[in-house]
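> So here's start.cif, just mmCIF, C-alpha atoms:
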```
data_run
#
loop_
_atom_site.label_atom_id
_atom_site.label_comp_id
_atom_site.auth_asym_id
_atom_site.auth_seq_id
_atom_site.Cartn_x
_atom_site.Cartn_y
_atom_site.Cartn_z
CA MET A 1398 0.00 0.00 0.00
CA ARG A 1399 3.01 2.25 -0.45
CA GLY A 1400 2.32 5.64 -1.98
CA LYS A 1401 -1.42 5.35 -1.50
CA THR A 1402 -3.54 8.34 -0.53
CA TYR A 1403 -5.64 7.65 2.55
CA VAL A 1404 -8.94 9.01 3.80
CA TYR A 1405 -10.13 8.91 7.38
CA PHE A 1406 -13.18 10.37 9.10
CA ASN A 1407 -13.51 12.16 12.41
CA GLY A 1408 -17.07 13.35 13.01
CA LYS A 1409 -18.03 15.90 10.37
CA THR A 1410 -14.44 16.31 9.21
CA GLU A 1411 -12.44 14.10 6.87
CA TYR A 1412 -8.69 13.98 6.37
CA ILE A 1413 -6.92 13.16 3.12
CA GLY A 1414 -3.21 12.41 2.89
CA THR A 1415 -0.56 9.72 2.71
CA GLY A 1416 -1.36 8.24 6.10
CA GLY A 1417 1.60 9.96 7.77
CA GLU A 1418 1.85 13.32 9.44
CA GLU A 1419 0.64 15.42 6.52
CA GLN A 1420 -3.14 15.33 6.34
CA THR A 1421 -5.47 17.93 4.85
CA ALA A 1422 -8.80 18.49 6.59
CA TYR A 1423 -12.02 18.97 4.63
CA PRO A 1424 -15.66 19.10 5.69
CA LEU A 1425 -17.39 15.76 5.35
CA GLY A 1426 -19.08 15.66 1.94
CA ALA A 1427 -16.27 17.37 0.03
CA LEU A 1428 -15.58 14.25 -2.08
CA VAL A 1429 -19.27 13.59 -2.78
CA PHE A 1430 -19.87 17.17 -3.87
CA GLY A 1431 -16.67 17.19 -5.93
CA THR A 1432 -17.75 14.03 -7.74
CA LEU A 1433 -21.07 15.64 -8.64
CA ASP A 1434 -19.73 19.11 -9.51
CA VAL A 1435 -17.06 18.06 -12.04
CA ASP A 1436 -18.24 17.39 -15.60
CA TRP A 1437 -16.29 14.17 -16.26
CA GLU A 1438 -17.69 13.23 -19.68
CA PRO A 1439 -15.68 15.74 -21.77
CA TYR A 1440 -12.44 14.48 -20.21
CA LEU A 1441 -13.42 10.89 -20.95
CA GLU A 1442 -13.99 11.79 -24.59
CA GLN A 1443 -10.66 13.64 -24.78
CA ALA A 1444 -8.82 10.67 -23.27
CA ARG A 1445 -10.46 8.23 -25.65
CA ALA A 1446 -9.62 10.44 -28.65
CA LEU A 1447 -6.00 10.64 -27.50
CA ARG A 1448 -5.85 6.87 -27.10
CA ARG A 1449 -7.26 6.31 -30.58
CA ALA A 1450 -4.64 8.66 -32.02
CA TYR A 1451 -1.81 6.44 -30.73
CA THR A 1452 -3.38 3.03 -31.26
CA GLY A 1453 -1.09 0.93 -33.47
CA VAL A 1454 1.70 3.53 -33.52
CA ASP A 1455 5.21 2.07 -33.70
CA PHE A 1456 7.44 4.16 -31.42
CA GLY A 1457 10.66 2.70 -32.83
CA GLU A 1458 13.70 1.43 -30.98
CA THR A 1459 16.18 4.28 -31.38
CA CYS A 1460 14.25 7.53 -30.85
CA THR A 1461 15.50 9.43 -27.78
CA MET A 1462 13.65 11.63 -25.31
CA PRO A 1463 15.17 14.91 -26.63
CA GLN A 1464 14.18 13.96 -30.18
CA ARG A 1465 10.62 13.03 -29.20
CA LEU A 1466 10.11 16.09 -27.00
CA SER A 1467 11.27 18.39 -29.81
CA GLU A 1468 7.89 17.67 -31.43
CA PRO A 1469 5.46 17.81 -28.48
CA GLU A 1470 2.37 17.60 -30.69
CA THR A 1471 3.32 14.00 -31.55
CA CYS A 1472 5.08 13.03 -28.30
CA VAL A 1473 2.76 10.65 -26.48
CA TYR A 1474 4.08 11.22 -22.96
CA TYR A 1475 3.91 14.98 -23.48
CA GLN A 1476 0.30 14.68 -24.66
CA VAL A 1477 -0.71 12.42 -21.76
CA ALA A 1478 0.93 14.69 -19.19
CA GLU A 1479 -0.75 17.74 -20.74
CA PHE A 1480 -4.12 15.99 -20.64
CA TYR A 1481 -3.74 15.13 -16.97
CA HIS A 1482 -2.46 18.63 -16.16
CA ASN A 1483 -5.51 20.30 -17.70
CA MET A 1484 -7.94 17.86 -16.11
CA SER A 1485 -6.35 18.11 -12.66
CA LEU A 1486 -6.37 21.93 -12.73
CA SER A 1487 -10.08 21.88 -13.47
CA VAL A 1488 -10.74 19.36 -10.70
CA LYS A 1489 -8.64 21.36 -8.23
CA THR A 1490 -10.65 24.50 -8.97
CA VAL A 1491 -13.94 22.69 -8.37
CA SER A 1492 -12.90 20.35 -5.54
CA PRO A 1493 -9.49 20.55 -3.81
CA ALA A 1494 -10.44 17.45 -1.82
CA PHE A 1495 -11.01 15.31 -4.92
CA PHE A 1496 -7.82 16.74 -6.45
CA ASP A 1497 -5.85 15.34 -3.50
CA LEU A 1498 -7.22 11.87 -4.25
CA LEU A 1499 -6.53 12.26 -7.97
CA GLU A 1500 -2.90 13.19 -7.34
CA GLY A 1501 -2.45 9.96 -5.42
CA TYR A 1502 -4.04 8.06 -8.28
CA CYS A 1503 -1.17 9.17 -10.52
CA LEU A 1504 0.99 6.71 -8.60
CA ALA A 1505 -1.22 3.78 -9.56
CA VAL A 1506 0.78 2.61 -12.60
CA TRP A 1507 4.14 2.85 -10.89
CA ARG A 1508 2.71 1.15 -7.79
CA ALA A 1509 1.26 -1.69 -9.87
CA TYR A 1510 4.61 -2.57 -11.44
CA ASP A 1511 6.48 -2.05 -8.20
CA GLN A 1512 4.18 -4.43 -6.32
CA GLU A 1513 4.10 -6.96 -9.17
CA SER A 1514 7.87 -7.27 -8.97
CA GLU A 1515 7.90 -8.19 -5.26
CA PRO A 1516 7.36 -11.98 -5.59
CA TYR A 1517 10.09 -12.18 -8.25
CA LEU A 1518 12.51 -10.23 -6.07
CA GLU A 1519 11.66 -12.55 -3.17
CA ALA A 1520 12.30 -15.59 -5.39
CA LEU A 1521 15.79 -14.38 -6.30
CA ALA A 1522 16.65 -13.23 -2.78
CA SER A 1523 15.43 -16.33 -0.91
CA GLY A 1524 16.19 -18.96 -3.48
CA VAL A 1525 12.64 -20.29 -3.12
CA ASN A 1526 11.05 -19.95 -6.54
CA ASP A 1527 7.34 -20.69 -6.60
CA THR A 1528 6.56 -18.32 -9.47
CA GLY A 1529 6.31 -21.09 -12.05
CA LEU A 1530 9.16 -19.53 -14.04
CA SER A 1531 12.78 -20.53 -14.44
CA ARG A 1532 15.45 -18.45 -12.71
CA SER A 1533 16.40 -16.93 -16.06
CA GLU A 1534 12.77 -16.10 -16.80
CA VAL A 1535 12.36 -14.54 -13.35
CA HIS A 1536 15.40 -12.39 -14.03
CA GLN A 1537 14.02 -11.25 -17.39
CA ARG A 1538 10.63 -10.56 -15.84
CA LEU A 1539 12.25 -8.39 -13.18
CA ILE A 1540 14.15 -6.43 -15.81
CA HIS A 1541 10.90 -5.75 -17.64
CA LEU A 1542 8.96 -4.80 -14.49
CA GLY A 1543 11.81 -2.69 -13.18
CA ASN A 1544 11.96 -0.80 -16.45
CA GLN A 1545 8.19 -0.26 -16.36
CA ALA A 1546 8.37 0.88 -12.72
CA ILE A 1547 11.04 3.46 -13.62
CA THR A 1548 9.11 4.78 -16.60
CA GLY A 1549 5.91 4.76 -14.52
CA ASN A 1550 7.68 6.87 -11.93
CA ILE A 1551 8.85 9.27 -14.65
CA MET A 1552 5.30 9.62 -15.99
CA GLU A 1553 3.89 10.19 -12.52
CA GLY A 1554 6.35 13.01 -11.90
CA TYR A 1555 5.83 14.55 -15.33
CA CYS A 1556 2.04 14.53 -14.95
CA ARG A 1557 2.37 16.41 -11.69
CA SER A 1558 5.05 18.89 -12.76
CA PHE A 1559 3.88 19.55 -16.34
CA PRO A 1560 5.01 21.50 -18.31
CA ALA A 1561 8.25 21.51 -16.28
CA TYR A 1562 10.48 18.43 -16.19
CA THR A 1563 11.31 16.72 -12.91
CA GLU A 1564 14.98 16.42 -11.93
CA GLN A 1565 14.78 12.70 -12.65
CA MET A 1566 13.42 13.35 -16.12
CA LYS A 1567 16.12 15.95 -16.83
CA TYR A 1568 18.83 13.36 -16.25
CA TYR A 1569 17.29 10.94 -18.74
CA ILE A 1570 16.93 13.73 -21.28
CA GLU A 1571 20.58 14.76 -20.83
CA TRP A 1572 21.64 11.15 -21.29
CA GLU A 1573 19.62 11.04 -24.55
CA THR A 1574 17.78 7.97 -23.28
CA GLU A 1575 15.82 5.92 -25.79
CA ASP A 1576 12.13 6.31 -24.94
CA ARG A 1577 10.18 3.43 -26.44
CA SER A 1578 9.32 2.00 -23.01
CA LEU A 1579 8.36 5.47 -21.75
CA CYS A 1580 5.95 5.84 -24.69
CA GLU A 1581 4.40 2.46 -23.90
CA THR A 1582 4.05 3.37 -20.23
CA ALA A 1583 2.44 6.68 -21.17
CA LEU A 1584 -0.28 4.73 -22.96
CA LEU A 1585 -0.73 2.53 -19.89
CA VAL A 1586 -1.12 5.66 -17.76
CA LEU A 1587 -3.67 6.95 -20.26
CA ASP A 1588 -5.53 3.63 -20.04
CA TYR A 1589 -5.61 4.04 -16.25
CA PHE A 1590 -7.11 7.51 -16.65
CA ILE A 1591 -9.71 6.24 -19.12
CA ASN A 1592 -10.65 3.45 -16.74
CA PHE A 1593 -10.98 5.95 -13.88
CA LEU A 1594 -13.08 8.37 -15.97
CA LYS A 1595 -15.41 5.57 -17.09
CA LYS A 1596 -15.93 4.52 -13.48
CA ILE A 1597 -16.42 8.02 -12.08
CA SER A 1598 -18.82 9.02 -14.88
CA ALA A 1599 -20.99 5.97 -14.26
CA PHE A 1600 -20.79 6.38 -10.50
CA GLN A 1601 -21.78 10.05 -10.77
CA LYS A 1602 -25.19 8.98 -12.07
CA ASP A 1603 -25.57 6.36 -9.33
CA LEU A 1604 -24.54 8.87 -6.68
CA ARG A 1605 -27.20 11.35 -7.78
CA ALA A 1606 -29.81 8.62 -7.51
CA LEU A 1607 -28.58 7.57 -4.07
CA ILE A 1608 -28.61 11.12 -2.74
CA GLY A 1609 -32.10 11.69 -4.15
CA VAL A 1610 -33.57 9.00 -1.90
CA THR A 1611 -31.43 9.51 1.21
CA LEU A 1612 -30.08 13.06 1.65
CA CYS A 1613 -31.79 15.64 -0.57
CA GLY A 1614 -35.25 15.54 -2.15
CA LYS A 1615 -36.40 16.72 -5.57
CA ASP A 1616 -37.41 20.07 -4.04
CA GLY A 1617 -33.80 20.69 -3.04
CA GLN A 1618 -34.56 20.41 0.67
CA PRO A 1619 -32.84 18.03 3.15
CA LEU A 1620 -34.55 14.70 3.70
CA SER A 1621 -35.20 13.49 7.22
CA ALA A 1622 -33.36 10.56 8.82
CA PRO A 1623 -30.82 9.76 6.03
CA SER A 1624 -29.38 6.88 8.08
CA ALA A 1625 -32.75 5.11 8.23
CA ARG A 1626 -33.32 5.80 4.53
CA LEU A 1627 -29.94 4.30 3.63
CA LEU A 1628 -30.65 1.21 5.69
CA LYS A 1629 -34.00 0.77 3.98
CA LEU A 1630 -32.34 1.25 0.58
CA ALA A 1631 -29.72 -1.38 1.39
CA GLU A 1632 -32.43 -3.84 2.35
CA ASN A 1633 -34.83 -3.22 -0.53
CA ASP A 1634 -32.82 -1.99 -3.54
CA GLY A 1635 -30.52 -4.77 -4.61
CA GLU A 1636 -29.33 -3.29 -7.91
CA LEU A 1637 -28.33 0.34 -7.21
CA TYR A 1638 -27.04 -0.05 -3.68
CA GLY A 1639 -25.52 -3.44 -4.41
CA ARG A 1640 -23.61 -2.11 -7.43
CA CYS A 1641 -22.09 0.65 -5.32
CA SER A 1642 -21.45 -1.36 -2.16
CA ARG A 1643 -19.48 -3.99 -4.10
CA MET A 1644 -16.87 -1.31 -4.77
CA LEU A 1645 -15.97 -1.44 -1.07
CA ASP A 1646 -14.23 -4.74 -1.78
CA ASP A 1647 -11.50 -2.60 -3.36
CA VAL A 1648 -10.97 -0.51 -0.21
CA HIS A 1649 -7.92 -1.24 1.95
CA ILE A 1650 -8.01 -0.49 5.67
CA LYS A 1651 -5.12 0.64 7.84
CA LEU A 1652 -5.34 1.26 11.58
CA GLN A 1653 -2.91 3.94 12.70
CA GLN A 1654 -2.26 5.44 16.12
CA TYR A 1655 -1.83 9.17 16.58
CA ILE A 1656 -1.69 11.80 19.33
CA PRO A 1657 -4.87 13.92 19.24
CA GLU A 1658 -4.72 17.67 19.76
CA GLY A 1659 -5.72 18.86 23.21
CA ILE A 1660 -4.93 15.52 24.86
CA LYS A 1661 -2.50 15.38 27.77
CA LYS A 1662 0.97 14.02 27.17
CA GLY A 1663 0.87 10.29 26.64
CA GLY A 1664 -2.66 10.23 25.24
CA ILE A 1665 -2.96 8.11 22.10
CA ALA A 1666 -5.90 7.51 19.79
CA ALA A 1667 -6.36 5.32 16.75
CA ALA A 1668 -7.87 6.20 13.38
CA THR A 1669 -9.04 3.94 10.58
CA PHE A 1670 -7.51 5.00 7.28
CA TYR A 1671 -9.08 3.93 3.99
CA ALA A 1672 -7.28 3.69 0.65
CA SER A 1673 -8.17 2.42 -2.80
CA ASP A 1674 -7.15 2.73 -6.43
CA ASN A 1675 -10.89 2.69 -7.14
CA LEU A 1676 -11.65 6.33 -6.27
CA PRO A 1677 -15.46 6.01 -6.55
CA ALA A 1678 -15.25 3.42 -3.74
CA LEU A 1679 -13.82 6.06 -1.38
CA VAL A 1680 -16.51 8.54 -2.41
CA PHE A 1681 -19.21 5.95 -1.72
CA LEU A 1682 -17.63 5.31 1.68
CA GLU A 1683 -17.91 9.03 2.42
CA PHE A 1684 -21.54 9.03 1.26
CA GLN A 1685 -22.29 6.26 3.77
CA GLN A 1686 -20.62 8.32 6.49
CA MET A 1687 -22.76 11.34 5.62
CA CYS A 1688 -25.92 9.26 5.93
CA ALA A 1689 -24.76 7.66 9.16
CA LEU A 1690 -24.38 11.12 10.72
CA ASP A 1691 -27.75 12.28 9.32
CA LEU A 1692 -26.16 15.30 7.64
CA ARG A 1693 -28.49 17.91 6.18
CA VAL A 1694 -27.86 18.36 2.43
CA ALA A 1695 -29.65 21.01 0.36
CA ARG A 1696 -29.52 22.33 -3.20
CA CYS A 1697 -28.24 25.89 -3.68
CA GLU A 1698 -30.98 28.09 -5.10
CA ASN A 1699 -28.42 30.03 -7.14
CA CYS A 1700 -26.09 27.44 -8.76
CA GLY A 1701 -28.20 24.31 -8.22
CA ARG A 1702 -25.37 22.33 -6.62
CA LEU A 1703 -25.55 20.43 -3.34
CA PHE A 1704 -24.09 21.80 -0.11
CA LEU A 1705 -24.33 21.54 3.68
CA PRO A 1706 -26.61 24.37 4.87
CA PHE A 1707 -25.71 26.17 8.09
CA SER A 1708 -29.36 26.26 9.14
CA SER A 1709 -32.81 25.53 7.76
CA ARG A 1710 -32.97 29.10 6.44
CA THR A 1711 -29.72 28.85 4.43
CA LYS A 1712 -30.53 28.86 0.72
CA TYR A 1713 -27.18 29.57 -0.94
CA CYS A 1714 -23.76 27.89 -0.87
CA ASP A 1715 -20.32 29.47 -0.49
CA ARG A 1716 -18.94 28.33 -3.85
CA VAL A 1717 -17.49 31.02 -6.10
CA CYS A 1718 -19.95 31.54 -8.95
CA ASP A 1719 -18.72 34.89 -10.30
CA GLU A 1720 -15.08 34.34 -11.27
CA ALA A 1721 -14.65 37.96 -12.36
CA ILE A 1722 -15.01 39.32 -8.83
CA GLY A 1723 -14.62 36.10 -6.83
CA ALA A 1724 -18.12 36.34 -5.39
CA SER A 1725 -19.89 33.34 -3.87
CA CYS A 1726 -23.46 32.26 -4.53
CA LYS A 1727 -24.41 33.72 -1.17
CA GLU A 1728 -22.87 37.10 -2.06
CA VAL A 1729 -24.27 37.14 -5.59
CA ALA A 1730 -27.75 36.26 -4.33
CA ALA A 1731 -27.61 39.08 -1.77
CA ARG A 1732 -26.48 41.52 -4.48
CA GLU A 1733 -29.24 40.42 -6.86
CA LYS A 1734 -31.82 40.65 -4.08
CA TYR A 1735 -30.71 44.20 -3.32
CA ALA A 1736 -30.78 45.11 -7.03
CA ALA A 1737 -34.33 43.77 -7.29
CA GLN A 1738 -35.35 45.82 -4.27
CA VAL A 1739 -33.83 48.93 -5.82
CA LYS A 1740 -35.59 48.27 -9.11
CA ALA A 1741 -38.94 47.95 -7.33
CA ASP A 1742 -38.34 50.96 -5.10
CA LYS A 1743 -38.46 54.34 -6.84
CA ALA A 1744 -37.12 56.23 -3.84
CA ARG A 1745 -34.10 53.96 -3.59
CA GLN A 1746 -33.49 54.40 -7.33
CA ILE A 1747 -33.54 58.16 -6.93
CA TYR A 1748 -31.12 57.98 -4.03
CA GLN A 1749 -28.66 55.84 -5.98
CA GLN A 1750 -28.91 58.01 -9.10
CA LEU A 1751 -28.17 61.17 -7.10
CA ARG A 1752 -25.36 59.50 -5.18
CA ASN A 1753 -23.72 58.23 -8.35
CA LYS A 1754 -24.12 61.60 -10.01
CA TYR A 1755 -22.49 63.41 -7.09
CA GLN A 1756 -19.67 60.84 -6.88
CA MET A 1757 -18.88 61.38 -10.57
CA ARG A 1758 -18.70 65.14 -10.05
CA CYS A 1759 -16.27 64.70 -7.17
CA ALA A 1760 -14.16 62.28 -9.21
CA ARG A 1761 -13.87 64.80 -12.05
CA ALA A 1762 -12.90 67.59 -9.63
CA GLN A 1763 -10.18 65.86 -7.63
CA GLY A 1764 -8.81 69.04 -6.04
CA ASN A 1765 -12.15 70.63 -5.11
CA ALA A 1766 -12.23 70.20 -1.33
CA LYS A 1767 -15.44 72.22 -0.99
CA MET A 1768 -17.32 69.89 -3.36
CA ARG A 1769 -16.08 66.81 -1.48
CA GLU A 1770 -17.15 68.38 1.84
CA ASP A 1771 -20.59 69.23 0.43
CA TYR A 1772 -20.95 65.68 -0.89
CA ASN A 1773 -20.07 64.16 2.50
CA LYS A 1774 -22.69 66.33 4.20
CA TRP A 1775 -25.30 65.43 1.60
CA ARG A 1776 -24.46 61.72 1.86
CA ASP A 1777 -24.87 61.70 5.64
CA THR A 1778 -28.22 63.50 5.40
CA ALA A 1779 -29.45 61.31 2.56
CA GLN A 1780 -28.43 58.06 4.30
CA LYS A 1781 -30.30 59.05 7.46
CA ALA A 1782 -33.34 59.94 5.35
CA MET A 1783 -33.14 56.57 3.59
CA VAL A 1784 -33.06 54.73 6.92
CA LYS A 1785 -36.18 56.55 8.00
CA TYR A 1786 -37.77 55.91 4.64
CA GLN A 1787 -37.04 52.19 4.84
CA VAL A 1788 -38.88 51.87 8.15
CA GLY A 1789 -41.75 54.06 6.96
CA ASP A 1790 -41.02 57.15 9.08
CA VAL A 1791 -40.64 59.51 6.14
CA PHE A 1792 -43.95 58.54 4.61
CA ARG A 1793 -45.71 58.72 7.96
CA ALA A 1794 -44.13 62.05 8.83
CA VAL A 1795 -44.52 63.64 5.43
CA PHE A 1796 -47.71 61.97 4.24
CA GLY A 1797 -49.32 60.79 7.51
CA MET A 1798 -49.92 57.26 6.17
CA HIS A 1799 -48.23 53.92 5.48
CA SER A 1800 -46.47 53.48 2.15
CA ASN A 1801 -48.22 50.18 1.40
CA SER A 1802 -51.61 51.92 1.33
CA ILE A 1803 -50.68 54.50 -1.32
CA GLU A 1804 -52.15 54.14 -4.78
CA SER A 1805 -49.84 54.42 -7.75
CA LYS A 1806 -50.68 58.07 -8.55
CA GLN A 1807 -50.31 59.15 -4.95
CA ALA A 1808 -47.06 57.19 -4.65
CA ALA A 1809 -45.59 59.08 -7.59
CA GLN A 1810 -46.46 62.39 -5.93
CA LYS A 1811 -44.93 61.32 -2.63
CA ILE A 1812 -41.79 60.05 -4.30
CA SER A 1813 -41.50 63.46 -5.93
CA LEU A 1814 -41.76 65.11 -2.51
CA LEU A 1815 -39.22 62.65 -1.13
CA CYS A 1816 -36.74 63.84 -3.71
CA GLY A 1817 -36.65 67.14 -1.89
CA LEU A 1818 -34.87 65.40 0.97
CA PHE A 1819 -32.12 64.37 -1.47
CA ALA A 1820 -31.78 67.68 -3.33
CA LEU A 1821 -28.18 68.44 -4.09
CA LEU A 1822 -26.64 71.12 -1.93
#
```
Reformat the file's structure so that it appears as structure tokens.

Amino acid sequence: MRGKTYVYFNGKTEYIGTGGEEQTAYPLGALVFGTLDVDWEPYLEQARALRRAYTGVDFGETCTMPQRLSEPETCVYYQVAEFYHNMSLSVKTVSPAFFDLLEGYCLAVWRAYDQESEPYLEALASGVNDTGLSRSEVHQRLIHLGNQAITGNIMEGYCRSFPAYTEQMKYYIEWETEDRSLCETALLVLDYFINFLKKISAFQKDLRALIGVTLCGKDGQPLSAPSARLLKLAENDGELYGRCSRMLDDVHIKLQQYIPEGIKKGGIAAATFYASDNLPALVFLEFQQMCALDLRVARCENCGRLFLPFSSRTKYCDRVCDEAIGASCKEVAAREKYAAQVKADKARQIYQQLRNKYQMRCARAQGNAKMREDYNKWRDTAQKAMVKYQVGDVFRAVFGMHSNSIESKQAAQKISLLCGLFALL
């Protein structure tokens, strides 16, 4: 299980890392929401198209890495690394938690060859050969697997560092290393990515269905008792739940002791770490944890994506939906609500028009201290008048009646009178 990325849960927080000291904390549900928020299909199509482009290509025996990299548009390991780089950047923007898992997945090819070589290394070291191969064949097999492990390690580093070369890769380039095996490994890495994208795309549909009957209803509101709903689903729905639960066979478990924060010296706790090269299995495990804790999940009324609401009145998530200004759904919704109020409120429109007009005058006359002083006085007076207006005091004081009882013609007259409060000095 070397090199694997682990996940462990502690209440409503999950930790993702290598199982050592470095763990990144995320709110429980980050992987589920990341799985749903990323549009995986376009990346699957890109990966398949790239694979078709190199199917049947003969990479030759004598081409070197510098020669191949001089034409990046035809260099297979350049193209695969670029594909992963673009996909991972998109995933990281949408879900940093899922990105952490994906980075660990890059090690899968190298890890596969490294682990496959272990019984052959043991056979040579111990002299006990139960591999079914002759000693010479074991030796040749190790050479092949070792070469694939090295090239797998190169590809893993290049995918992560793209477009820069890793130090390891620079050495091989300087040595003008022949790259046939690296090209073949690049296609194996691409096959791993295609396999992952096929699984995550299919699981995304299943996950939506699971959430729809356990955590969040069609109206976008949290469902009650998710844990009981999940249990009922497990008992009655053999196909959907069974298909997903079988993925847990691919999950590896590691029990690790650690020293919790806030515990007196000598205090030790244990955490169960989960790892898998089947990433949807880890997401499904997190989904089960969310249901077990009866988490409230709602659909954002602005972007339509799922989130964990702070309270029953929370309607909008904190995701950035306006990249230009970095505003979240919550902030954008508040701004749009205010704009709608302004549009429906003639007095507020007048106030904003006058304020903007006065601000423009001050901006054009940078050195006019008297104009700036007059504007500040007007602004203070106008803001106080607006506060009174918003609570109805102006209409009651000026018109002796509530604003909501004024007919349209009367309202226009009163708005006109209200303008007098905001007359420019």
> Given the choices A:Ala1509, A:Leu1705, A:Ala1583, A:Leu1542, which gets closest to A:Ala1427 if the distance is worked out from all atoms listed in the file?
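Ranked by minimum distance to A:Ala1427, first place goes to A:Leu1705.
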> Given the PyMOL selection byres ((chain A and resi 1451) around 10) and the file above, list the residues it selects as a PyMOL selection string.
chain A and resi 1446-1450+1452-1456+1471-1473+1580+1584
> Write the residues of the preceding selection, restricted to C-alpha atoms, as a PDB file, in the coordinates of the input.

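Saved result, result-v3.pdb, follows:
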```pdb
ATOM      1  CA  ALA A1446      -9.620  10.440 -28.650  1.00  0.00           C
ATOM      2  CA  LEU A1447      -6.000  10.640 -27.500  1.00  0.00           C
ATOM      3  CA  ARG A1448      -5.850   6.870 -27.100  1.00  0.00           C
ATOM      4  CA  ARG A1449      -7.260   6.310 -30.580  1.00  0.00           C
ATOM      5  CA  ALA A1450      -4.640   8.660 -32.020  1.00  0.00           C
ATOM      6  CA  THR A1452      -3.380   3.030 -31.260  1.00  0.00           C
ATOM      7  CA  GLY A1453      -1.090   0.930 -33.470  1.00  0.00           C
ATOM      8  CA  VAL A1454       1.700   3.530 -33.520  1.00  0.00           C
ATOM      9  CA  ASP A1455       5.210   2.070 -33.700  1.00  0.00           C
ATOM     10  CA  PHE A1456       7.440   4.160 -31.420  1.00  0.00           C
ATOM     11  CA  THR A1471       3.320  14.000 -31.550  1.00  0.00           C
ATOM     12  CA  CYS A1472       5.080  13.030 -28.300  1.00  0.00           C
ATOM     13  CA  VAL A1473       2.760  10.650 -26.480  1.00  0.00           C
ATOM     14  CA  CYS A1580       5.950   5.840 -24.690  1.00  0.00           C
ATOM     15  CA  LEU A1584      -0.280   4.730 -22.960  1.00  0.00           C
TER      16      LEU A1584
END
```
> Got a sec to resolve the PyMOL selection byres ((chain A and resi 1403-1417) around 9) on this structure and send the residues as a PyMOL selection string?
chain A and resi 1399-1402+1418-1427+1494+1497-1498+1501+1651+1653+1668-1673+1679+1683+1686-1687+1690+1692
> Report as a short mmCIF file (atom, residue, chain, number, x, y, z; two decimals) with C-alpha atoms, keeping the file's coordinate frame the residues that result from applying the PyMOL selection byres ((chain A and resi 1695) around 12) to the structure here.

```
data_model
loop_
_atom_site.label_atom_id
_atom_site.label_comp_id
_atom_site.auth_asym_id
_atom_site.auth_seq_id
_atom_site.Cartn_x
_atom_site.Cartn_y
_atom_site.Cartn_z
CA GLY A 1426 -19.08 15.66 1.94
CA PHE A 1430 -19.87 17.17 -3.87
CA ILE A 1608 -28.61 11.12 -2.74
CA GLY A 1609 -32.10 11.69 -4.15
CA THR A 1611 -31.43 9.51 1.21
CA LEU A 1612 -30.08 13.06 1.65
CA CYS A 1613 -31.79 15.64 -0.57
CA GLY A 1614 -35.25 15.54 -2.15
CA LYS A 1615 -36.40 16.72 -5.57
CA ASP A 1616 -37.41 20.07 -4.04
CA GLY A 1617 -33.80 20.69 -3.04
CA GLN A 1618 -34.56 20.41 0.67
CA PRO A 1619 -32.84 18.03 3.15
CA LEU A 1620 -34.55 14.70 3.70
CA SER A 1621 -35.20 13.49 7.22
CA LEU A 1692 -26.16 15.30 7.64
CA ARG A 1693 -28.49 17.91 6.18
CA VAL A 1694 -27.86 18.36 2.43
CA ARG A 1696 -29.52 22.33 -3.20
CA CYS A 1697 -28.24 25.89 -3.68
CA GLU A 1698 -30.98 28.09 -5.10
CA ASN A 1699 -28.42 30.03 -7.14
CA CYS A 1700 -26.09 27.44 -8.76
CA GLY A 1701 -28.20 24.31 -8.22
CA ARG A 1702 -25.37 22.33 -6.62
CA LEU A 1703 -25.55 20.43 -3.34
CA PHE A 1704 -24.09 21.80 -0.11
CA LEU A 1705 -24.33 21.54 3.68
CA PRO A 1706 -26.61 24.37 4.87
CA PHE A 1707 -25.71 26.17 8.09
CA SER A 1708 -29.36 26.26 9.14
CA SER A 1709 -32.81 25.53 7.76
CA ARG A 1710 -32.97 29.10 6.44
CA THR A 1711 -29.72 28.85 4.43
CA LYS A 1712 -30.53 28.86 0.72
CA TYR A 1713 -27.18 29.57 -0.94
CA CYS A 1714 -23.76 27.89 -0.87
#
```
> Rounded to one decimal place, report the atom CA of A:Ser1578-atom CA of A:Gln1443 distance in Å.
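About the pair atom CA of A:Ser1578 and atom CA of A:Gln1443: they are 23.2 Å apart.
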> With distances taken over only C-alpha atoms, which of A:Leu1579, A:Ala1546, A:Leu1466, A:Val1435 is nearest to A:Ser1492?
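Closest residue, counting only C-alpha atoms: A:Val1435.
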> Using all atoms of stretch 1427-1442 of chain A listed in the file and a margin of 8 Å per side, can you give the axis-aligned box centre and edge lengths in Å to one decimal, as AutoDock Vina command-line options?

```
--center_x -16.8 --center_y 15.0 --center_z -12.3 --size_x 24.6 --size_y 24.2 --size_z 40.6
```
> Grab the atom CA of A:Ala1444 to atom CA of A:Met1484 distance for me, in Å with one decimal place.
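Between atom CA of A:Ala1444 and atom CA of A:Met1484 the gap works out to 10.2 Å.
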> Between atom CA of A:Ala1622 and atom CA of A:Ala1606, measure the distance and give it in Å to one decimal.
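If I compute the distance from atom CA of A:Ala1622 to atom CA of A:Ala1606, I get 16.8 Å.
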> Need the shell around A:Val1586: protein/DNA/RNA residues with any atom at most 8 Å away, counting only C-alpha atoms. Skip same-chain ones fewer than 3 positions apart. Format as a VMD selection string?
chain A and resid 1477 1506 1549 1552 1582 to 1583 1589 to 1590
> With distances taken over all atoms listed in the file, which residue among A:Met1462, A:Cys1688, A:Cys1556, A:Gln1601 lies nearest A:Ala1625?
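Ranked by minimum distance to A:Ala1625, first place goes to A:Cys1688.
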> Taking all atoms listed in the file into account, name the residue in A:His1482, A:Asp1576, A:Tyr1772, A:Thr1548 that is nearest to A:Ala1760.
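Among A:His1482, A:Asp1576, A:Tyr1772, A:Thr1548, it is A:Tyr1772 that comes nearest to A:Ala1760.
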